[in-house]
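So this block is query20.pdb, PDB, C-alpha atoms and all ligand atoms:
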ATOM      1  CA  MET U 789     166.515 116.638 105.260
ATOM      2  CA  SER U 790     166.829 117.998 101.683
ATOM      3  CA  THR U 791     163.662 118.538  99.709
ATOM      4  CA  PHE U 792     165.548 118.701  96.399
ATOM      5  CA  PRO U 793     164.264 115.894  94.127
ATOM      6  CA  SER U 794     166.602 112.970  93.456
ATOM      7  CA  ARG U 795     167.108 112.086  89.800
ATOM      8  CA  PHE U 796     165.988 108.473  90.301
ATOM      9  CA  SER U 797     163.231 108.739  92.934
ATOM     10  CA  ASP U 798     160.600 106.101  92.104
ATOM     11  CA  LYS U 799     162.833 104.526  89.415
ATOM     12  CA  VAL U 800     163.596 100.787  89.333
ATOM     13  CA  ALA U 801     166.871  99.502  87.904
ATOM     14  CA  LEU U 802     168.186  96.032  87.056
ATOM     15  CA  ILE U 803     171.987  96.036  87.169
ATOM     16  CA  THR U 804     173.988  92.960  86.109
ATOM     17  CA  GLY U 805     177.572  92.618  87.242
ATOM     18  CA  ALA U 806     176.543  94.322  90.478
ATOM     19  CA  ALA U 807     178.909  92.282  92.659
ATOM     20  CA  SER U 808     182.060  94.081  91.557
ATOM     21  CA  GLY U 809     183.733  96.983  89.810
ATOM     22  CA  ILE U 810     181.650  99.119  87.445
ATOM     23  CA  GLY U 811     178.394  97.254  88.155
ATOM     24  CA  ARG U 812     178.772  97.683  91.915
ATOM     25  CA  ALA U 813     179.673 101.374  91.606
ATOM     26  CA  THR U 814     176.716 101.938  89.266
ATOM     27  CA  ALA U 815     174.245 100.202  91.572
ATOM     28  CA  ILE U 816     175.466 102.245  94.541
ATOM     29  CA  ARG U 817     175.333 105.504  92.557
ATOM     30  CA  LEU U 818     171.756 104.927  91.358
ATOM     31  CA  ALA U 819     170.679 103.921  94.874
ATOM     32  CA  GLN U 820     172.294 107.092  96.279
ATOM     33  CA  GLU U 821     170.108 109.053  93.878
ATOM     34  CA  GLY U 822     166.912 107.301  94.964
ATOM     35  CA  ALA U 823     166.485 104.273  92.677
ATOM     36  CA  SER U 824     165.414 100.819  93.840
ATOM     37  CA  ILE U 825     167.953  98.347  92.499
ATOM     38  CA  MET U 826     167.861  94.644  91.652
ATOM     39  CA  LEU U 827     171.487  93.539  91.974
ATOM     40  CA  ALA U 828     172.253  90.593  89.677
ATOM     41  CA  ASP U 829     175.488  88.608  89.573
ATOM     42  CA  ILE U 830     176.958  85.107  89.822
ATOM     43  CA  ASP U 831     179.194  86.134  92.764
ATOM     44  CA  GLN U 832     177.055  85.839  95.916
ATOM     45  CA  ALA U 833     179.666  87.271  98.304
ATOM     46  CA  GLY U 834     180.111  90.310  96.089
ATOM     47  CA  LEU U 835     176.349  90.757  95.816
ATOM     48  CA  ASP U 836     176.052  90.646  99.604
ATOM     49  CA  ALA U 837     178.731  93.325  99.935
ATOM     50  CA  THR U 838     177.048  95.657  97.418
ATOM     51  CA  MET U 839     173.676  95.057  99.079
ATOM     52  CA  ALA U 840     175.098  95.870 102.519
ATOM     53  CA  THR U 841     176.631  99.131 101.283
ATOM     54  CA  ILE U 842     173.307 100.255  99.801
ATOM     55  CA  VAL U 843     171.024  99.148 102.630
ATOM     56  CA  ASP U 844     173.352 100.366 105.405
ATOM     57  CA  ASN U 845     173.239 103.808 103.802
ATOM     58  CA  GLY U 846     169.449 103.872 103.625
ATOM     59  CA  GLY U 847     169.072 102.799  99.982
ATOM     60  CA  GLN U 848     166.662 100.291  98.444
ATOM     61  CA  ALA U 849     168.013  97.076  96.923
ATOM     62  CA  ASP U 850     167.415  93.383  96.528
ATOM     63  CA  SER U 851     169.718  90.783  95.030
ATOM     64  CA  LEU U 852     169.444  87.849  92.697
ATOM     65  CA  HIS U 853     171.753  84.986  91.759
ATOM     66  CA  PHE U 854     172.224  85.492  88.025
ATOM     67  CA  ASP U 855     174.286  83.438  85.584
ATOM     68  CA  ALA U 856     174.762  85.148  82.225
ATOM     69  CA  THR U 857     175.700  81.820  80.617
ATOM     70  CA  GLN U 858     172.099  80.655  81.109
ATOM     71  CA  ASN U 859     169.359  82.226  78.981
ATOM     72  CA  ASP U 860     166.732  81.160  81.535
ATOM     73  CA  SER U 861     168.626  83.126  84.171
ATOM     74  CA  CYS U 862     168.512  86.262  81.984
ATOM     75  CA  ILE U 863     164.747  85.869  81.613
ATOM     76  CA  ALA U 864     164.341  85.223  85.350
ATOM     77  CA  ALA U 865     166.340  88.360  86.246
ATOM     78  CA  VAL U 866     163.857  90.598  84.446
ATOM     79  CA  GLU U 867     160.864  88.706  85.840
ATOM     80  CA  ALA U 868     162.198  88.914  89.403
ATOM     81  CA  THR U 869     162.834  92.650  89.135
ATOM     82  CA  VAL U 870     159.322  93.404  87.912
ATOM     83  CA  LYS U 871     157.821  91.044  90.495
ATOM     84  CA  ARG U 872     159.804  92.683  93.317
ATOM     85  CA  TRP U 873     159.344  96.345  92.395
ATOM     86  CA  GLY U 874     156.286  96.330  90.110
ATOM     87  CA  LYS U 875     157.965  97.908  87.086
ATOM     88  CA  LEU U 876     161.306  98.498  85.358
ATOM     89  CA  ASP U 877     162.838 101.831  84.277
ATOM     90  CA  ILE U 878     166.579 101.232  83.838
ATOM     91  CA  VAL U 879     168.547  98.202  82.624
ATOM     92  CA  GLY U 880     172.324  98.155  83.014
ATOM     93  CA  ASN U 881     173.934  95.272  81.112
ATOM     94  CA  ILE U 882     177.305  95.397  82.866
ATOM     95  CA  ALA U 883     178.398  91.797  83.648
ATOM     96  CA  GLY U 884     181.271  90.778  81.395
ATOM     97  CA  ILE U 885     184.488  88.803  81.024
ATOM     98  CA  VAL U 886     187.729  89.326  79.105
ATOM     99  CA  SER U 887     190.874  87.366  78.357
ATOM    100  CA  PHE U 888     193.624  87.912  75.821
ATOM    101  CA  TRP U 889     194.688  85.158  73.410
ATOM    102  CA  HIS U 890     196.567  84.749  70.171
ATOM    103  CA  LEU U 891     194.201  83.889  67.327
ATOM    104  CA  HIS U 892     195.556  80.324  67.098
ATOM    105  CA  GLU U 893     194.719  79.761  70.786
ATOM    106  CA  ILE U 894     191.032  80.714  70.511
ATOM    107  CA  THR U 895     188.729  77.711  70.804
ATOM    108  CA  ALA U 896     185.066  77.644  69.836
ATOM    109  CA  GLU U 897     184.242  77.002  73.508
ATOM    110  CA  MET U 898     185.965  80.144  74.803
ATOM    111  CA  TRP U 899     184.581  82.205  71.907
ATOM    112  CA  ASN U 900     181.026  81.008  72.604
ATOM    113  CA  ARG U 901     181.314  81.577  76.360
ATOM    114  CA  CYS U 902     182.509  85.159  75.926
ATOM    115  CA  MET U 903     179.852  85.792  73.267
ATOM    116  CA  GLN U 904     177.145  84.402  75.572
ATOM    117  CA  ILE U 905     178.111  86.460  78.636
ATOM    118  CA  ASN U 906     179.032  89.729  76.886
ATOM    119  CA  LEU U 907     176.486  89.795  74.042
ATOM    120  CA  THR U 908     173.766  87.116  74.109
ATOM    121  CA  ALA U 909     172.818  87.799  77.737
ATOM    122  CA  PRO U 910     172.371  91.562  77.126
ATOM    123  CA  MET U 911     170.217  90.739  74.080
ATOM    124  CA  ILE U 912     167.975  88.332  76.038
ATOM    125  CA  ILE U 913     167.668  90.753  78.966
ATOM    126  CA  SER U 914     166.854  93.613  76.565
ATOM    127  CA  ARG U 915     164.247  91.476  74.798
ATOM    128  CA  GLU U 916     162.560  90.502  78.064
ATOM    129  CA  ALA U 917     162.810  94.016  79.525
ATOM    130  CA  MET U 918     161.524  95.887  76.485
ATOM    131  CA  PRO U 919     157.749  95.490  77.109
ATOM    132  CA  HIS U 920     158.284  96.876  80.617
ATOM    133  CA  LEU U 921     160.535  99.695  79.393
ATOM    134  CA  ILE U 922     157.966 100.711  76.800
ATOM    135  CA  LYS U 923     155.448 101.146  79.639
ATOM    136  CA  THR U 924     157.807 103.370  81.665
ATOM    137  CA  GLU U 925     159.584 105.013  78.689
ATOM    138  CA  GLY U 926     162.717 103.594  80.251
ATOM    139  CA  THR U 927     166.289 103.088  79.130
ATOM    140  CA  ILE U 928     168.969 100.454  78.519
ATOM    141  CA  ILE U 929     172.666 101.154  78.991
ATOM    142  CA  ASN U 930     175.128  98.537  77.759
ATOM    143  CA  MET U 931     178.689  98.448  79.098
ATOM    144  CA  ALA U 932     180.694  98.069  75.894
ATOM    145  CA  SER U 933     184.385  99.071  75.733
ATOM    146  CA  SER U 934     186.973 100.911  73.714
ATOM    147  CA  ALA U 935     187.337  97.394  72.264
ATOM    148  CA  GLY U 936     183.831  97.904  70.864
ATOM    149  CA  LEU U 937     185.025 100.802  68.726
ATOM    150  CA  GLY U 938     188.488  99.721  67.539
ATOM    151  CA  GLY U 939     190.495  96.554  67.055
ATOM    152  CA  GLN U 940     192.902  95.245  69.698
ATOM    153  CA  ALA U 941     195.640  92.683  69.188
ATOM    154  CA  TYR U 942     195.184  89.380  71.073
ATOM    155  CA  ASN U 943     191.661  90.488  72.001
ATOM    156  CA  ALA U 944     189.612  89.430  68.970
ATOM    157  CA  THR U 945     187.000  87.498  70.951
ATOM    158  CA  TYR U 946     186.277  90.280  73.437
ATOM    159  CA  ALA U 947     186.406  92.986  70.749
ATOM    160  CA  ALA U 948     183.934  91.017  68.621
ATOM    161  CA  THR U 949     181.520  90.780  71.568
ATOM    162  CA  LYS U 950     181.825  94.488  72.333
ATOM    163  CA  HIS U 951     181.478  95.545  68.674
ATOM    164  CA  GLY U 952     178.388  93.327  68.672
ATOM    165  CA  LEU U 953     177.096  95.064  71.787
ATOM    166  CA  VAL U 954     177.528  98.434  70.066
ATOM    167  CA  GLY U 955     175.548  97.098  67.082
ATOM    168  CA  LEU U 956     172.835  95.779  69.389
ATOM    169  CA  THR U 957     172.707  99.157  71.148
ATOM    170  CA  LYS U 958     172.344 101.199  67.969
ATOM    171  CA  SER U 959     169.806  98.827  66.407
ATOM    172  CA  LEU U 960     167.553  98.776  69.485
ATOM    173  CA  ALA U 961     167.859 102.570  69.775
ATOM    174  CA  VAL U 962     166.524 102.870  66.228
ATOM    175  CA  GLU U 963     163.858 100.177  66.598
ATOM    176  CA  PHE U 964     162.410 101.599  69.836
ATOM    177  CA  ALA U 965     162.913 105.352  69.393
ATOM    178  CA  LYS U 966     159.237 105.854  68.539
ATOM    179  CA  LYS U 967     158.356 104.117  71.823
ATOM    180  CA  ASN U 968     160.575 106.580  73.715
ATOM    181  CA  VAL U 969     162.910 103.864  75.000
ATOM    182  CA  ARG U 970     166.494 105.136  74.882
ATOM    183  CA  VAL U 971     169.383 102.691  74.360
ATOM    184  CA  ASN U 972     173.017 103.756  74.745
ATOM    185  CA  ALA U 973     176.444 102.191  75.194
ATOM    186  CA  ILE U 974     179.330 103.302  77.371
ATOM    187  CA  CYS U 975     182.791 102.512  75.984
ATOM    188  CA  PRO U 976     185.351 102.663  78.781
ATOM    189  CA  GLY U 977     189.079 102.301  78.320
ATOM    190  CA  GLY U 978     191.073 100.994  81.280
ATOM    191  CA  VAL U 979     189.133 101.025  84.549
ATOM    192  CA  ASN U 980     190.606 100.059  87.888
ATOM    193  CA  THR U 981     188.591  96.885  88.658
ATOM    194  CA  ALA U 982     189.078  93.189  89.384
ATOM    195  CA  ILE U 983     188.720  92.340  85.687
ATOM    196  CA  ASN U 984     192.240  93.669  85.117
ATOM    197  CA  ASP U 985     193.680  91.785  88.118
ATOM    198  CA  LYS U 986     192.389  88.524  86.600
ATOM    199  CA  MET U 987     193.670  89.364  83.088
ATOM    200  CA  ARG U 988     195.715  86.700  81.345
ATOM    201  CA  TRP U 989     198.312  87.805  78.775
ATOM    202  CA  PRO U 990     199.502  85.418  76.057
ATOM    203  CA  ASP U 991     203.170  84.641  75.530
ATOM    204  CA  ASP U 992     205.216  86.231  72.742
ATOM    205  CA  ILE U 993     203.197  89.386  72.308
ATOM    206  CA  GLU U 994     204.404  92.324  70.246
ATOM    207  CA  PRO U 995     204.807  95.119  72.866
ATOM    208  CA  SER U 996     204.099  97.950  70.407
ATOM    209  CA  MET U 997     200.564  96.581  69.963
ATOM    210  CA  LEU U 998     199.765  97.248  73.607
ATOM    211  CA  SER U 999     199.838 101.013  73.068
ATOM    212  CA  ARG U1000     196.360 100.652  71.554
ATOM    213  CA  LEU U1001     195.101  99.599  74.996
ATOM    214  CA  MET U1002     196.578 102.567  76.858
ATOM    215  CA  PRO U1003     194.991 105.895  77.809
ATOM    216  CA  LEU U1004     196.826 109.098  76.895
ATOM    217  CA  LEU U1005     196.114 110.403  80.383
ATOM    218  CA  ASP U1006     198.382 109.077  83.114
ATOM    219  CA  THR U1007     195.866 107.037  85.089
ATOM    220  CA  MET U1008     193.094 104.524  84.608
ATOM    221  CA  ALA U1009     189.515 105.489  85.478
ATOM    222  CA  GLU U1010     187.922 104.529  88.767
ATOM    223  CA  PRO U1011     184.619 102.600  88.512
ATOM    224  CA  GLU U1012     182.777 105.494  90.183
ATOM    225  CA  GLU U1013     183.613 107.691  87.152
ATOM    226  CA  ILE U1014     181.922 105.208  84.818
ATOM    227  CA  ALA U1015     178.982 105.045  87.240
ATOM    228  CA  GLY U1016     178.682 108.833  87.059
ATOM    229  CA  LEU U1017     178.388 108.710  83.264
ATOM    230  CA  PHE U1018     175.882 105.849  83.545
ATOM    231  CA  ALA U1019     173.735 107.935  85.915
ATOM    232  CA  GLN U1020     173.867 110.919  83.588
ATOM    233  CA  LEU U1021     172.804 108.804  80.585
ATOM    234  CA  ALA U1022     170.054 107.086  82.583
ATOM    235  CA  SER U1023     168.623 110.371  83.853
ATOM    236  CA  ALA U1024     166.063 112.659  82.267
ATOM    237  CA  GLU U1025     168.901 115.131  81.657
ATOM    238  CA  SER U1026     169.896 112.829  78.761
ATOM    239  CA  SER U1027     166.388 112.570  77.315
ATOM    240  CA  PHE U1028     167.692 113.450  73.813
ATOM    241  CA  VAL U1029     170.534 110.908  73.913
ATOM    242  CA  THR U1030     169.921 107.549  72.243
ATOM    243  CA  GLY U1031     171.939 105.262  69.992
ATOM    244  CA  ALA U1032     175.133 106.841  71.293
ATOM    245  CA  THR U1033     178.459 105.202  72.123
ATOM    246  CA  TRP U1034     180.087 107.205  74.891
ATOM    247  CA  GLN U1035     183.862 106.970  75.096
ATOM    248  CA  ILE U1036     185.349 107.373  78.563
ATOM    249  CA  ASP U1037     188.896 106.259  77.859
ATOM    250  CA  GLY U1038     191.436 108.909  78.845
ATOM    251  CA  GLY U1039     191.967 109.836  75.206
ATOM    252  CA  GLN U1040     192.779 106.277  74.090
ATOM    253  CA  LEU U1041     190.751 106.503  70.890
ATOM    254  CA  ALA U1042     191.159 110.250  70.269
TER
HETATM  255  N1  LIG U1101     187.642  97.408  83.792
HETATM  256  C1  LIG U1101     187.898  97.774  82.548
HETATM  257  O1  LIG U1101     189.033  98.166  82.245
HETATM  258  C2  LIG U1101     186.796  97.748  81.523
HETATM  259  C3  LIG U1101     187.002  98.459  80.337
HETATM  260  C4  LIG U1101     186.010  98.450  79.352
HETATM  261  C5  LIG U1101     184.849  97.741  79.564
HETATM  262  N2  LIG U1101     184.671  97.039  80.739
HETATM  263  C6  LIG U1101     183.436  96.280  80.894
HETATM  264  O2  LIG U1101     182.791  96.662  82.082
HETATM  265  C7  LIG U1101     181.993  95.580  82.548
HETATM  266  C8  LIG U1101     182.238  95.387  84.034
HETATM  267  O3  LIG U1101     183.576  94.978  84.231
HETATM  268  P1  LIG U1101     184.430  95.389  85.513
HETATM  269  O4  LIG U1101     185.641  96.065  85.023
HETATM  270  O5  LIG U1101     183.573  96.015  86.527
HETATM  271  O6  LIG U1101     184.908  93.927  85.985
HETATM  272  P2  LIG U1101     184.615  93.069  87.291
HETATM  273  O7  LIG U1101     185.314  91.780  87.072
HETATM  274  O8  LIG U1101     184.939  93.864  88.492
HETATM  275  O9  LIG U1101     183.028  92.872  87.222
HETATM  276  C9  LIG U1101     182.445  91.979  86.309
HETATM  277  C10 LIG U1101     181.244  91.344  86.995
HETATM  278  O10 LIG U1101     180.610  90.458  86.057
HETATM  279  C11 LIG U1101     180.248  89.302  86.767
HETATM  280  N3  LIG U1101     180.126  88.140  85.896
HETATM  281  C12 LIG U1101     181.100  87.529  85.165
HETATM  282  N4  LIG U1101     180.617  86.424  84.590
HETATM  283  C13 LIG U1101     179.307  86.337  84.937
HETATM  284  C14 LIG U1101     178.277  85.406  84.673
HETATM  285  N5  LIG U1101     178.487  84.302  83.932
HETATM  286  N6  LIG U1101     177.047  85.638  85.172
HETATM  287  C15 LIG U1101     176.818  86.719  85.957
HETATM  288  N7  LIG U1101     177.766  87.631  86.271
HETATM  289  C16 LIG U1101     178.992  87.422  85.780
HETATM  290  C17 LIG U1101     181.375  89.091  87.769
HETATM  291  O11 LIG U1101     180.990  88.204  88.830
HETATM  292  C18 LIG U1101     181.649  90.508  88.210
HETATM  293  O12 LIG U1101     180.885  90.865  89.349
HETATM  294  C19 LIG U1101     182.349  94.371  81.689
HETATM  295  O13 LIG U1101     181.337  94.182  80.710
HETATM  296  C20 LIG U1101     183.641  94.785  81.015
HETATM  297  O14 LIG U1101     183.810  94.174  79.755
HETATM  298  C21 LIG U1101     185.617  97.040  81.703
END
Turn the structure described in the file into structure tokens.
Amino acid sequence: MSTFPSRFSDKVALITGAASGIGRATAIRLAQEGASIMLADIDQAGLDATMATIVDNGGQADSLHFDATQNDSCIAAVEATVKRWGKLDIVGNIAGIVSFWHLHEITAEMWNRCMQINLTAPMIISREAMPHLIKTEGTIINMASSAGLGGQAYNATYAATKHGLVGLTKSLAVEFAKKNVRVNAICPGGVNTAINDKMRWPDDIEPSMLSRLMPLLDTMAEPEEIAGLFAQLASAESSFVTGATWQIDGGQLA
């Protein structure tokens, strides 16, 4: 057995969105490198699958039914993680939803739902986690998007949530820098996950606008590539990185 240290030995992570895609890949990557993971998601079958992959490979994980639409559930996710593992080092706010609409189709209900899941839940989780992260000099990584750095046609709701998440990231990085809590955002372009399979496109769209969604490279990213960047930012190798928005978008915004 190797005696090389793992980057996340003795670290505890709370990962939302852990049932699928980027969240699942991130949870598995951190577990591979020695972290104990609280897997949080609304999709129980997906949680069970992520849990099985980690535990069957000798990793440490537990899972929690988590609904980002409920503020109490955000609070409970942090409490359960600290109760289970005794502390908290890494928070990954990864759960999210997207759907494309013309402006005239956007209702207050769909706006508020997207805002709650993509932005309010990360804020509540960050607020609840912060006292624990101050103790461990831990870190928060928010899964924003290329839509958090530039406008996208038919995607105003999602882009507003992700721009908001970038603002939350930078503000918390500033506010807690003196406590040695680092806060960063990852801004992926297209990633090969279920979120794209479920995507709804509105009628009568202007095709030239879609070029702003496309990478310059030929392919989309795989979720494991985003997980690799997450692990790098969460590790001590990134101890001087805070308040950053990391593009991983195949040149989309270059
Ligand atoms: N895939 C992409 O192209 C892409 C690009 C940029 C940013 N992102 C962001 O990455 C994050 C992860 O997305 P993904 O691509 O892995 O998609 P995904 O659909 O595979 O995973 C999203 C996860 O969020 C969970 N979720 C949704 N609503 C929830 C709720 N109310 N409560 C709890 N969990 C809920 C889902 O169950 C799912 O497991 C999202 O925040 C998304 O906006 C994705």
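Coordinates place atom CA of Met911 of chain U at a distance of 17.4 Å from atom CA of Thr945 of chain U.
For Pro919 of chain U, the residues within 12 Å (counting all atoms listed in the file, excluding itself and residues fewer than 6 positions away along the chain) are Val866, Glu867, Val870, Lys875, Leu876, Asp877, Ile913, Glu925, Gly926, Thr927, Phe964, Lys967, Asn968 and Val969 of chain U.
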Applied to the shown file, which residues does the PyMOL selection byres (((chain U and resi 903) around 12) and not hetatm) return, written as a PyMOL selection string? chain U and resi 856-857+884-886+896-902+904-911+944-953
Please report, as CSV, each residue of chain U lying at most 7 Å from ligand LIG 1101 (chain U), together with the nearest pair of atoms and the separation in Å rounded to one decimal; use all atoms listed in the file, and order rows by chain and ascending residue number.
residue,atom,partner,partner_atom,distance
U:Thr804,CA,U:LIG1101,N7,6.5
U:Gly805,CA,U:LIG1101,C10,3.9
U:Ala806,CA,U:LIG1101,O12,5.7
U:Ala807,CA,U:LIG1101,O12,4.1
U:Ser808,CA,U:LIG1101,O12,4.1
U:Gly809,CA,U:LIG1101,O5,3.4
U:Ile810,CA,U:LIG1101,O5,3.8
U:Gly811,CA,U:LIG1101,O5,5.6
U:Asp829,CA,U:LIG1101,N7,4.1
U:Ile830,CA,U:LIG1101,C15,4.2
U:Asp831,CA,U:LIG1101,O11,4.8
U:Gly834,CA,U:LIG1101,O12,6.8
U:Phe854,CA,U:LIG1101,C15,5.2
U:Asp855,CA,U:LIG1101,N6,3.6
U:Ala856,CA,U:LIG1101,N6,3.8
U:Thr857,CA,U:LIG1101,N5,5.0
U:Ile882,CA,U:LIG1101,C7,4.7
U:Ala883,CA,U:LIG1101,O10,3.5
U:Gly884,CA,U:LIG1101,O13,3.5
U:Ile885,CA,U:LIG1101,C12,5.5
U:Val886,CA,U:LIG1101,O14,6.3
U:Ile905,CA,U:LIG1101,N5,5.7
U:Asn906,CA,U:LIG1101,O13,6.3
U:Met931,CA,U:LIG1101,O13,5.3
U:Ala932,CA,U:LIG1101,C5,5.6
U:Ser933,CA,U:LIG1101,C4,4.0
U:Ser934,CA,U:LIG1101,C4,6.2
U:Cys975,CA,U:LIG1101,C4,6.2
U:Pro976,CA,U:LIG1101,C4,4.3
U:Gly977,CA,U:LIG1101,C3,4.8
U:Gly978,CA,U:LIG1101,O1,3.6
U:Val979,CA,U:LIG1101,O1,3.7
U:Asn980,CA,U:LIG1101,N1,5.7
U:Thr981,CA,U:LIG1101,O8,4.7
U:Ala982,CA,U:LIG1101,O8,4.3
U:Ile983,CA,U:LIG1101,O7,3.7
U:Asn984,CA,U:LIG1101,N1,6.1
U:Pro1011,CA,U:LIG1101,O5,7.0
What lies within 12 Å of Thr838 of chain U using all atoms listed in the file, ignoring chain neighbours under 6 positions off, as an NGL selection string? :U and (803 or 805-817 or 819 or 825-829 or 831-832 or 844-845 or 847-852)
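You will find atom CA of Phe1028 of chain U at 21.9 Å from atom CA of Leu802 of chain U.
Using all atoms listed in the file, the contacts of Leu960 of chain U at a cut-off of 12 Å, with sequence neighbours closer than 5 positions omitted, comprise Pro910, Met911, Ser914, Arg915, Met918, Thr927, Ile928, Ile929, Asn930, Leu953, Val954, Gly955, Ala965, Lys966, Lys967, Asn968, Val969, Arg970, Val971, Asn972, Ala973, Thr1030, Gly1031 and Ala1032 of chain U.
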Those selected residues, please, written with C-alpha atoms and delivered as a short mmCIF file (atom, residue, chain, number, x, y, z; two decimals), in the coordinates of the input.
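Result file is out.cif:
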data_model
loop_
_atom_site.label_atom_id
_atom_site.label_comp_id
_atom_site.auth_asym_id
_atom_site.auth_seq_id
_atom_site.Cartn_x
_atom_site.Cartn_y
_atom_site.Cartn_z
CA PRO U 910 172.37 91.56 77.13
CA MET U 911 170.22 90.74 74.08
CA SER U 914 166.85 93.61 76.56
CA ARG U 915 164.25 91.48 74.80
CA MET U 918 161.52 95.89 76.48
CA THR U 927 166.29 103.09 79.13
CA ILE U 928 168.97 100.45 78.52
CA ILE U 929 172.67 101.15 78.99
CA ASN U 930 175.13 98.54 77.76
CA LEU U 953 177.10 95.06 71.79
CA VAL U 954 177.53 98.43 70.07
CA GLY U 955 175.55 97.10 67.08
CA ALA U 965 162.91 105.35 69.39
CA LYS U 966 159.24 105.85 68.54
CA LYS U 967 158.36 104.12 71.82
CA ASN U 968 160.57 106.58 73.72
CA VAL U 969 162.91 103.86 75.00
CA ARG U 970 166.49 105.14 74.88
CA VAL U 971 169.38 102.69 74.36
CA ASN U 972 173.02 103.76 74.74
CA ALA U 973 176.44 102.19 75.19
CA THR U 1030 169.92 107.55 72.24
CA GLY U 1031 171.94 105.26 69.99
CA ALA U 1032 175.13 106.84 71.29
#
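Atom CA of Glu916 of chain U is positioned 6.2 Å from atom CA of Ile863 of chain U.
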Since I can't run it myself right now, could you work out what the PyMOL selection byres (((chain U and resi 1019) around 9) and not hetatm) selects here and report it as number ranges by chain? U: 795-796, 814, 817-818, 821, 1014-1018, 1020-1023
Selected residues written out, C-alpha atoms, as a PDB file, in the frame of the given file:
ATOM      1  CA  ARG U 795     167.108 112.086  89.800  1.00  0.00           C
ATOM      2  CA  PHE U 796     165.988 108.473  90.301  1.00  0.00           C
ATOM      3  CA  THR U 814     176.716 101.938  89.266  1.00  0.00           C
ATOM      4  CA  ARG U 817     175.333 105.504  92.557  1.00  0.00           C
ATOM      5  CA  LEU U 818     171.756 104.927  91.358  1.00  0.00           C
ATOM      6  CA  GLU U 821     170.108 109.053  93.878  1.00  0.00           C
ATOM      7  CA  ILE U1014     181.922 105.208  84.818  1.00  0.00           C
ATOM      8  CA  ALA U1015     178.982 105.045  87.240  1.00  0.00           C
ATOM      9  CA  GLY U1016     178.682 108.833  87.059  1.00  0.00           C
ATOM     10  CA  LEU U1017     178.388 108.710  83.264  1.00  0.00           C
ATOM     11  CA  PHE U1018     175.882 105.849  83.545  1.00  0.00           C
ATOM     12  CA  GLN U1020     173.867 110.919  83.588  1.00  0.00           C
ATOM     13  CA  LEU U1021     172.804 108.804  80.585  1.00  0.00           C
ATOM     14  CA  ALA U1022     170.054 107.086  82.583  1.00  0.00           C
ATOM     15  CA  SER U1023     168.623 110.371  83.853  1.00  0.00           C
TER      16      SER U1023
END
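Using all atoms listed in the file, the smallest distance between any of U:Gln858, U:Thr895, U:Thr869, U:Ser887 and Asn943 of chain U comes from U:Ser887.
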Which residues, written as a VMD selection string, have at least one atom at most 10 Å from Leu1041 of chain U, with only C-alpha atoms counted and residues fewer than 3 positions away on the same chain left out? chain U and resid 934 to 935 937 to 938 977 1000 to 1004 1035 to 1038
Quick one: of U:Thr791, U:Phe888, U:Ile878, U:His920, who's nearest to Pro990 of chain U, counting only C-alpha atoms? U:Phe888
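Minimum atom-to-atom distances from U:Gly936, U:Ala1024, U:Ala941, U:Asp1006 to Leu956 of chain U were compared using only C-alpha atoms, and the lowest value belongs to U:Gly936.
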